[in-house]
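Structure first, then comments.
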Amino acid sequence: MDFEIKDSYNVDDLLRLITALRSPDGCPWDREQTHSSIKKNFIEETYEAVEAINKNDPAMLREELGDVLLQILLHCEMEREKGSFDFAAVVDELCKKLVVRHPHVFGEASAQSCEQALQNWDDVKRRTKGVKNHGDTLTAVPLELPALMRAQKVQKRASSAGFDWKSADGAFKKLPEEIDELKIALSSGDPSEIEDELGDLLFSCVNAARFCGCDAEEALTASTNKFIARFLIAEQLAAQRGIDMSVAPEEELDELWNEAKIKYAEKAENGGNSNEQN
């Protein structure tokens with residue numbers, strides 16, 4: 001294989017290494033991969049990089065960013081093999097886009113705040129993407145985004161068109177309405193209607209999150225982590241008391257849960273990691 005083993009490598013070495021792995025004499029697994037076969041890997045590696053950020057772990061972040069970069073380079077290599085584009089073309093296009101979308105840095109526009117900078121970015125993006133109306137900005141939100149994230153992005157873009165509640169009260173009033181509609185759907189027993197109303201309730205929850213200034217995706221993630229931490233405490237308490245949670249009455253489980261909530265809060269107050277899962 002035409003690749004030199006070294007003590008230290010650079011970007012050019014990495015590009016040659018990817019080509020070597022995909023070559024006829026390279027790795028059978030790497031050779032067989034397609035855009036579709038590894039698209040989920042891309043998502044997984046990105047989330048692992050986010051995990052490293054959340055953990056404030058530089059060594060882990062360095063490794064996970066490398067894994068994300070590997071995914072990028074594999075996709076670039078697949079297109080280079082077809083004669084479509086290569087990594088250099090991706091870099092070139094990115095640099096040009098960054099220059100064009102920062103007219104307040106490389107042009108005559110001005111931006112004295114983050115809000116102005118983002119407005120400049122959006123204005124240039126709409127112009128270069130040929131966006132004709134606000135509806136185009138909504139349909140441009142990728143279907144592949146996590147549902148909560150996509151809902152919040154769609155709502156934010158609709159709001160920029162003036163289509164929004166005048167205050168948080170409107171968003172909050174929708175929550176009990178949607179709950180009542182879901183209850184009616186449940187009584188009907190129609191699965192499609194139940195799913196539809198549940199979706200409306202979740203969408204309204206995202207609206208409420210937006211008016212609270214919260215990120216719905218991150219808020220749910222934090223609550224899920226909190227649930228896990230509390231569950232682990234409740235499970236430990238049950239084991240200490242010889243309680244089988246799978247058959248325990250609901251009242252006993254409620255008592256365990258309430259005690260777990262208290263212990264969880266005490267741990268958080270004493271500086272413990274409230275999201276700790278072990």
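Just remember, in the structure tokens the first chain shown is A, the second B, etc., residues are 1-based per chain, and ligands are 1-based in the order shown.
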Produce a table with one row for each residue of region 141-258 of chain A that has an atom at most 12 Å from any atom of region 51-68 of chain A, each row naming the nearest atom pair and its distance in Å at one decimal; use only C-alpha atoms; arrange rows by chain and rising residue number; format as a tab-separated table.
residue	atom	partner	partner_atom	distance
A:Glu218	CA	A:Asn54	CA	11.2
A:Thr221	CA	A:Glu51	CA	11.7
A:Ala222	CA	A:Asn54	CA	11.4
With all heavy atoms retained, could you export that selection as a PDB file, in the first residue's frame?
ATOM      1  N   GLU A 218     -32.788  20.402  24.006  1.00  0.00           N
ATOM      2  CA  GLU A 218     -31.896  20.336  25.156  1.00  0.00           C
ATOM      3  C   GLU A 218     -32.681  20.182  26.464  1.00  0.00           C
ATOM      4  O   GLU A 218     -32.232  19.491  27.387  1.00  0.00           O
ATOM      5  CB  GLU A 218     -31.020  21.584  25.204  1.00  0.00           C
ATOM      6  CG  GLU A 218     -30.014  21.662  24.050  1.00  0.00           C
ATOM      7  CD  GLU A 218     -29.083  22.852  24.168  1.00  0.00           C
ATOM      8  OE1 GLU A 218     -29.215  23.620  25.144  1.00  0.00           O
ATOM      9  OE2 GLU A 218     -28.229  23.014  23.282  1.00  0.00           O
ATOM     10  N   THR A 221     -33.686  16.581  26.735  1.00  0.00           N
ATOM     11  CA  THR A 221     -32.496  15.791  27.043  1.00  0.00           C
ATOM     12  C   THR A 221     -32.155  15.886  28.526  1.00  0.00           C
ATOM     13  O   THR A 221     -31.875  14.877  29.188  1.00  0.00           O
ATOM     14  CB  THR A 221     -31.295  16.259  26.200  1.00  0.00           C
ATOM     15  OG1 THR A 221     -31.563  16.018  24.819  1.00  0.00           O
ATOM     16  CG2 THR A 221     -30.021  15.521  26.596  1.00  0.00           C
ATOM     17  N   ALA A 222     -32.201  17.108  29.068  1.00  0.00           N
ATOM     18  CA  ALA A 222     -31.895  17.308  30.483  1.00  0.00           C
ATOM     19  C   ALA A 222     -32.908  16.586  31.366  1.00  0.00           C
ATOM     20  O   ALA A 222     -32.548  15.965  32.376  1.00  0.00           O
ATOM     21  CB  ALA A 222     -31.879  18.798  30.804  1.00  0.00           C
TER      22      ALA A 222
END
>> So that I can check the surroundings of Arg22 (chain A), please list as a ChimeraX atom specification every protein, DNA and RNA residue that reaches within 9 Å of it, counting only C-alpha atoms and ignoring chain neighbours fewer than 6 positions away.
In response: /A:28-33,74,77-78
>> Would you pick out the contacts of His102 (chain A) at 10 Å or less, using only C-alpha atoms, so that residues sharing its chain but fewer than 2 positions from it are not included, and give the list as a PyMOL selection string?
In response: chain A and resi 97-100+104-111+117-118+120-121+124
Now that the selection is made, can you save its residues with N, CA, C and O atoms as an mmCIF file, in the first residue's frame?
data_model
loop_
_atom_site.group_PDB
_atom_site.id
_atom_site.type_symbol
_atom_site.label_atom_id
_atom_site.label_comp_id
_atom_site.auth_asym_id
_atom_site.auth_seq_id
_atom_site.Cartn_x
_atom_site.Cartn_y
_atom_site.Cartn_z
ATOM 1 N N LYS A 97 -18.381 30.760 0.649
ATOM 2 C CA LYS A 97 -19.648 31.019 1.326
ATOM 3 C C LYS A 97 -19.431 31.860 2.579
ATOM 4 O O LYS A 97 -20.207 32.785 2.857
ATOM 5 N N LEU A 98 -18.378 31.565 3.354
ATOM 6 C CA LEU A 98 -18.104 32.316 4.569
ATOM 7 C C LEU A 98 -17.787 33.782 4.261
ATOM 8 O O LEU A 98 -18.198 34.685 5.001
ATOM 9 N N VAL A 99 -17.067 34.012 3.173
ATOM 10 C CA VAL A 99 -16.743 35.387 2.789
ATOM 11 C C VAL A 99 -18.006 36.135 2.383
ATOM 12 O O VAL A 99 -18.270 37.258 2.845
ATOM 13 N N VAL A 100 -18.836 35.491 1.551
ATOM 14 C CA VAL A 100 -20.055 36.135 1.050
ATOM 15 C C VAL A 100 -21.045 36.405 2.173
ATOM 16 O O VAL A 100 -21.707 37.449 2.208
ATOM 17 N N HIS A 104 -20.242 42.046 6.726
ATOM 18 C CA HIS A 104 -19.824 42.984 7.759
ATOM 19 C C HIS A 104 -18.360 42.793 8.138
ATOM 20 O O HIS A 104 -17.802 43.600 8.892
ATOM 21 N N VAL A 105 -17.740 41.745 7.613
ATOM 22 C CA VAL A 105 -16.312 41.500 7.847
ATOM 23 C C VAL A 105 -15.523 41.725 6.562
ATOM 24 O O VAL A 105 -14.472 42.381 6.566
ATOM 25 N N PHE A 106 -16.038 41.200 5.447
ATOM 26 C CA PHE A 106 -15.310 41.253 4.181
ATOM 27 C C PHE A 106 -15.957 42.189 3.161
ATOM 28 O O PHE A 106 -15.518 42.241 2.011
ATOM 29 N N GLY A 107 -17.004 42.916 3.565
ATOM 30 C CA GLY A 107 -17.677 43.818 2.642
ATOM 31 C C GLY A 107 -17.963 45.160 3.267
ATOM 32 O O GLY A 107 -17.296 45.584 4.216
ATOM 33 N N GLU A 108 -19.011 45.824 2.756
ATOM 34 C CA GLU A 108 -19.336 47.173 3.199
ATOM 35 C C GLU A 108 -20.393 47.212 4.302
ATOM 36 O O GLU A 108 -20.653 48.264 4.877
ATOM 37 N N ALA A 109 -21.026 46.096 4.576
ATOM 38 C CA ALA A 109 -22.069 46.077 5.606
ATOM 39 C C ALA A 109 -21.456 46.220 6.994
ATOM 40 O O ALA A 109 -20.244 46.082 7.176
ATOM 41 N N SER A 110 -22.321 46.515 7.968
ATOM 42 C CA SER A 110 -21.841 46.647 9.343
ATOM 43 C C SER A 110 -22.658 45.761 10.260
ATOM 44 O O SER A 110 -23.807 45.428 9.976
ATOM 45 N N ALA A 111 -22.057 45.368 11.370
ATOM 46 C CA ALA A 111 -22.745 44.566 12.380
ATOM 47 C C ALA A 111 -22.070 44.829 13.719
ATOM 48 O O ALA A 111 -20.923 44.428 13.925
ATOM 49 N N ALA A 117 -25.210 40.534 12.955
ATOM 50 C CA ALA A 117 -24.401 39.591 12.179
ATOM 51 C C ALA A 117 -25.264 38.454 11.639
ATOM 52 O O ALA A 117 -25.142 38.058 10.472
ATOM 53 N N LEU A 118 -26.149 37.921 12.498
ATOM 54 C CA LEU A 118 -27.044 36.840 12.057
ATOM 55 C C LEU A 118 -28.014 37.329 10.991
ATOM 56 O O LEU A 118 -28.343 36.589 10.052
ATOM 57 N N ASN A 120 -27.439 39.714 8.785
ATOM 58 C CA ASN A 120 -26.664 39.795 7.549
ATOM 59 C C ASN A 120 -26.521 38.415 6.912
ATOM 60 O O ASN A 120 -26.689 38.249 5.699
ATOM 61 N N TRP A 121 -26.212 37.418 7.756
ATOM 62 C CA TRP A 121 -26.058 36.040 7.276
ATOM 63 C C TRP A 121 -27.352 35.553 6.621
ATOM 64 O O TRP A 121 -27.338 35.007 5.519
ATOM 65 N N VAL A 124 -28.155 37.365 3.227
ATOM 66 C CA VAL A 124 -27.331 36.860 2.112
ATOM 67 C C VAL A 124 -27.765 35.443 1.746
ATOM 68 O O VAL A 124 -27.852 35.088 0.558
#
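Nearest to Leu201 (chain A) of all the residues A:His134, A:Lys226, A:Lys174, A:Lys125 is A:Lys174, counting only C-alpha atoms.
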> So which bits of region 122-194 of chain A end up alpha helix (DSSP H) when you DSSP the backbone, as an MDAnalysis selection string?
Replying inline: chainID A and resid 122:129 134:139 147:160 168:188 191:194
> So how many Å separate CA of Lys261 (chain A) and CA of Ala234 (chain A), to one decimal?
Replying inline: 8.6 Å
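Between CA of Gln116 (chain A) and CA of Lys156 (chain A) the interatomic distance comes to 16.7 Å.
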Neighbours of Tyr264 (chain A) within 8 Å (only C-alpha atoms; same-chain residues fewer than 3 positions away dropped), as an mmCIF file with N, CA and C atoms, in the first residue's frame?
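What ended up in selection.cif:
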data_model
loop_
_atom_site.group_PDB
_atom_site.id
_atom_site.type_symbol
_atom_site.label_atom_id
_atom_site.label_comp_id
_atom_site.auth_asym_id
_atom_site.auth_seq_id
_atom_site.Cartn_x
_atom_site.Cartn_y
_atom_site.Cartn_z
ATOM 1 N N ALA A 229 -31.333 9.525 36.410
ATOM 2 C CA ALA A 229 -30.644 9.652 37.702
ATOM 3 C C ALA A 229 -31.587 9.336 38.856
ATOM 4 N N ARG A 230 -32.805 9.828 38.787
ATOM 5 C CA ARG A 230 -33.779 9.562 39.847
ATOM 6 C C ARG A 230 -34.188 8.086 39.869
ATOM 7 N N ILE A 233 -31.652 6.009 41.633
ATOM 8 C CA ILE A 233 -31.759 6.137 43.088
ATOM 9 C C ILE A 233 -32.927 5.307 43.609
ATOM 10 N N ALA A 260 -36.635 9.409 46.030
ATOM 11 C CA ALA A 260 -35.534 9.543 45.072
ATOM 12 C C ALA A 260 -35.392 11.000 44.631
ATOM 13 N N LYS A 261 -36.508 11.690 44.442
ATOM 14 C CA LYS A 261 -36.469 13.099 44.050
ATOM 15 C C LYS A 261 -35.792 13.941 45.123
ATOM 16 N N LYS A 267 -28.383 15.835 46.422
ATOM 17 C CA LYS A 267 -27.104 15.607 45.750
ATOM 18 C C LYS A 267 -26.730 16.800 44.884
ATOM 19 N N ALA A 268 -27.724 17.361 44.198
ATOM 20 C CA ALA A 268 -27.476 18.524 43.344
ATOM 21 C C ALA A 268 -27.049 19.726 44.180
ATOM 22 N N SER A 274 -25.943 16.232 38.802
ATOM 23 C CA SER A 274 -27.335 15.831 38.774
ATOM 24 C C SER A 274 -27.683 14.975 37.572
#
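Between CA of Ala161 (chain A) and CA of Cys212 (chain A) the interatomic distance comes to 19.7 Å.
Considering the residues A:Ile38, A:Ala185, A:Ala208, A:Leu145 and counting only C-alpha atoms, Gly170 (chain A) has its shortest atom-to-atom contact with A:Ala208.
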Polymer residues at most 10 Å from Cys76 (chain A), only C-alpha atoms, same-chain spacing of 3 or more positions, as a compact mmCIF listing (two decimals) with N, CA, C and O atoms, in the first residue's frame:
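As written to disk, part.txt reads:
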# COMPACT_ATOMS: atom_id res chain seq x y z
N LEU A 15 -5.57 12.78 3.85
CA LEU A 15 -6.23 12.60 2.56
C LEU A 15 -5.66 11.38 1.83
O LEU A 15 -6.41 10.58 1.24
N ILE A 18 -6.98 8.15 3.54
CA ILE A 18 -8.36 7.82 3.16
C ILE A 18 -8.39 7.17 1.78
O ILE A 18 -9.09 6.18 1.55
N HIS A 35 -22.49 6.41 0.51
CA HIS A 35 -23.06 7.51 1.29
C HIS A 35 -24.17 7.00 2.20
O HIS A 35 -24.25 7.37 3.36
N LEU A 70 -13.37 12.19 9.77
CA LEU A 70 -13.26 10.95 8.99
C LEU A 70 -14.50 10.74 8.14
O LEU A 70 -14.41 10.38 6.96
N GLN A 71 -15.67 10.97 8.72
CA GLN A 71 -16.91 10.82 7.96
C GLN A 71 -16.94 11.78 6.78
O GLN A 71 -17.32 11.41 5.66
N ILE A 72 -16.54 13.01 7.01
CA ILE A 72 -16.52 14.01 5.94
C ILE A 72 -15.60 13.57 4.81
O ILE A 72 -15.95 13.62 3.63
N LEU A 73 -14.41 13.11 5.18
CA LEU A 73 -13.43 12.74 4.17
C LEU A 73 -13.84 11.48 3.41
O LEU A 73 -13.55 11.36 2.21
N GLU A 79 -17.01 10.76 -3.69
CA GLU A 79 -17.32 11.64 -4.82
C GLU A 79 -16.09 11.88 -5.70
O GLU A 79 -16.22 12.00 -6.92
N ARG A 80 -14.91 11.91 -5.11
CA ARG A 80 -13.69 12.07 -5.91
C ARG A 80 -13.52 10.88 -6.84
O ARG A 80 -13.14 11.04 -8.00
N GLU A 81 -13.83 9.69 -6.34
CA GLU A 81 -13.72 8.48 -7.16
C GLU A 81 -14.66 8.52 -8.35
O GLU A 81 -14.37 7.95 -9.41
N SER A 84 -16.77 13.68 -9.24
CA SER A 84 -17.74 14.73 -8.97
C SER A 84 -17.08 15.93 -8.27
O SER A 84 -17.09 17.04 -8.79
N PHE A 85 -16.53 15.70 -7.10
CA PHE A 85 -15.80 16.74 -6.37
C PHE A 85 -14.88 16.07 -5.38
O PHE A 85 -14.98 14.86 -5.14
N ASP A 86 -13.97 16.84 -4.78
CA ASP A 86 -13.07 16.30 -3.77
C ASP A 86 -13.06 17.22 -2.55
O ASP A 86 -13.81 18.21 -2.50
N PHE A 87 -12.23 16.91 -1.58
CA PHE A 87 -12.18 17.68 -0.34
C PHE A 87 -11.78 19.12 -0.62
O PHE A 87 -12.31 20.05 0.00
N ALA A 88 -10.86 19.32 -1.55
CA ALA A 88 -10.42 20.68 -1.88
C ALA A 88 -11.58 21.52 -2.39
O ALA A 88 -11.68 22.71 -2.08
N ALA A 89 -12.48 20.91 -3.17
CA ALA A 89 -13.64 21.63 -3.68
C ALA A 89 -14.59 22.00 -2.55
O ALA A 89 -15.21 23.07 -2.56
N VAL A 90 -14.70 21.12 -1.56
CA VAL A 90 -15.55 21.41 -0.40
C VAL A 90 -14.98 22.60 0.38
O VAL A 90 -15.71 23.51 0.78
>> Set the distance at 8 Å and use only C-alpha atoms: which residues neighbour Leu256 (chain A) once local chain neighbours fewer than 2 positions away are removed? I'd like the list as number ranges by chain.
In response: A: 234, 237-238, 252-254, 258-260
As a tab-separated table (two decimals) with N, CA and C atoms, in the first residue's frame, please: the residues near Ile179 (chain A) (cut-off 12 Å, only C-alpha atoms, same-chain neighbours under 2 positions excluded).
chain	number	residue	atom	x	y	z
A	172	PHE	N	-49.16	29.38	25.85
A	172	PHE	CA	-49.49	28.59	27.05
A	172	PHE	C	-50.95	28.15	27.06
A	173	LYS	N	-51.85	29.00	26.54
A	173	LYS	CA	-53.26	28.65	26.52
A	173	LYS	C	-53.55	27.47	25.60
A	174	LYS	N	-52.69	27.27	24.62
A	174	LYS	CA	-52.89	26.15	23.69
A	174	LYS	C	-52.63	24.81	24.35
A	175	LEU	N	-51.80	24.78	25.37
A	175	LEU	CA	-51.43	23.50	25.99
A	175	LEU	C	-52.63	22.76	26.57
A	176	PRO	N	-53.45	23.36	27.43
A	176	PRO	CA	-54.62	22.61	27.93
A	176	PRO	C	-55.61	22.27	26.83
A	177	GLU	N	-55.72	23.13	25.82
A	177	GLU	CA	-56.61	22.84	24.69
A	177	GLU	C	-56.17	21.56	23.97
A	181	GLU	N	-57.99	17.83	23.57
A	181	GLU	CA	-58.21	17.21	22.27
A	181	GLU	C	-57.58	15.82	22.21
A	182	LEU	N	-56.44	15.66	22.88
A	182	LEU	CA	-55.81	14.34	22.93
A	182	LEU	C	-56.67	13.37	23.73
A	183	LYS	N	-57.26	13.85	24.83
A	183	LYS	CA	-58.14	12.99	25.64
A	183	LYS	C	-59.34	12.53	24.82
A	184	ILE	N	-59.91	13.44	24.02
A	184	ILE	CA	-61.05	13.08	23.17
A	184	ILE	C	-60.63	12.03	22.15
A	185	ALA	N	-59.42	12.21	21.58
A	185	ALA	CA	-58.92	11.25	20.61
A	185	ALA	C	-58.72	9.88	21.25
A	186	LEU	N	-58.23	9.89	22.48
A	186	LEU	CA	-58.02	8.63	23.19
A	186	LEU	C	-59.34	7.90	23.42
A	194	ILE	N	-55.22	9.75	17.49
A	194	ILE	CA	-54.44	9.89	18.72
A	194	ILE	C	-53.04	10.42	18.41
A	196	ASP	N	-52.12	12.08	15.79
A	196	ASP	CA	-52.23	13.44	15.28
A	196	ASP	C	-52.33	14.44	16.43
A	197	GLU	N	-53.20	14.15	17.40
A	197	GLU	CA	-53.39	15.06	18.52
A	197	GLU	C	-52.17	15.10	19.44
A	198	LEU	N	-51.50	13.95	19.59
A	198	LEU	CA	-50.28	13.94	20.38
A	198	LEU	C	-49.22	14.81	19.72
A	199	GLY	N	-49.13	14.74	18.41
A	199	GLY	CA	-48.19	15.58	17.68
A	199	GLY	C	-48.49	17.06	17.88
A	200	ASP	N	-49.78	17.41	17.86
A	200	ASP	CA	-50.16	18.81	18.09
A	200	ASP	C	-49.76	19.27	19.49
A	201	LEU	N	-49.94	18.38	20.47
A	201	LEU	CA	-49.56	18.72	21.84
A	201	LEU	C	-48.05	18.95	21.96
A	202	LEU	N	-47.28	18.06	21.34
A	202	LEU	CA	-45.82	18.22	21.38
A	202	LEU	C	-45.39	19.50	20.67
A	203	PHE	N	-46.04	19.80	19.55
A	203	PHE	CA	-45.72	21.01	18.80
A	203	PHE	C	-46.01	22.25	19.65
A	204	SER	N	-47.12	22.20	20.41
A	204	SER	CA	-47.47	23.31	21.29
A	204	SER	C	-46.47	23.44	22.44
A	205	CYS	N	-45.97	22.30	22.91
A	205	CYS	CA	-44.95	22.32	23.96
A	205	CYS	C	-43.68	23.00	23.46
